[in-house]
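Chemist: Would you mind keeping the following structure in view while I ask a few things?
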Amino acid sequence: MTPPLFDPVIHAPGRLQICAILSSVDEAEFALLRDSLKVSDSVLSKHLKQLEEAGYVKLAKTPMDGRSRTWASLTPAGKKAFAAHIAELNRLAALTG
């Protein structure tokens, strides 16, 4: 059996959830991600920072309603890495069938 080839950046549950959400939209606002994951601002910020440092997520700040809002989107590298990670999960799941 081939050992799993997980992406260590994406594999953490919170970051995996972020990538899953971002893979289905062009971009998502920070509050939507925070509320979807049910985590604090600081936890989400740490996850987004790790994804951004890996080149998987692009963050943009835009003014809205007198405040700055943070938007996140998957980069092309992030989309590719997420797809590869999901393919590996599917490969492992198929082994049990």
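Ligands are numbered from 1 in the order shown, residues from 1 within each chain, and chains are lettered A, B, ... in the order they appear in the structure tokens.
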Please, which residues of range 4-94 of chain A, numbered as in this document, come out strand (DSSP E or B) from DSSP, as a count of residues only?
Modeler: 18
Chemist: I'd like the neighbourhood of range 21-34 of chain A as a list in words, where a residue qualifies if any of its atoms comes within 6 Å (using only C-alpha atoms), though same-chain residues fewer than 3 positions away should be ignored.
Modeler: Ile18, Leu37, Lys38, Val39, Thr70, Trp71, Ala72 and Ser73 of chain A
Chemist: Would you save the residues of that selection, restricted to N, CA and C atoms, as a compact mmCIF listing (two decimals), in the first residue's frame?
Modeler:
# COMPACT_ATOMS: atom_id res chain seq x y z
N ILE A 18 -11.75 25.39 5.38
CA ILE A 18 -11.60 26.67 4.69
C ILE A 18 -11.43 26.43 3.19
N LEU A 37 -17.05 27.87 10.33
CA LEU A 37 -16.16 26.98 11.07
C LEU A 37 -16.43 26.99 12.57
N LYS A 38 -17.17 28.00 13.02
CA LYS A 38 -17.47 28.16 14.45
C LYS A 38 -16.19 28.27 15.27
N VAL A 39 -15.31 29.18 14.83
CA VAL A 39 -14.05 29.44 15.52
C VAL A 39 -13.94 30.93 15.83
N THR A 70 -12.11 41.68 5.35
CA THR A 70 -11.12 40.78 4.77
C THR A 70 -11.84 39.72 3.95
N TRP A 71 -11.37 39.55 2.72
CA TRP A 71 -11.91 38.55 1.80
C TRP A 71 -10.82 37.54 1.48
N ALA A 72 -11.19 36.28 1.38
CA ALA A 72 -10.24 35.22 1.08
C ALA A 72 -10.67 34.50 -0.19
N SER A 73 -9.68 34.09 -0.97
CA SER A 73 -9.96 33.29 -2.16
C SER A 73 -8.81 32.30 -2.35
Chemist: Excluding range 42-57 of chain A and residues on its chain fewer than 6 positions from it, collect all residues at most 6 Å away from it, counting only C-alpha atoms, and give them as a list of chain:residue names.
Modeler: A:Arg15, A:Ser73, A:Leu74, A:Thr75, A:Ala77, A:Gly78
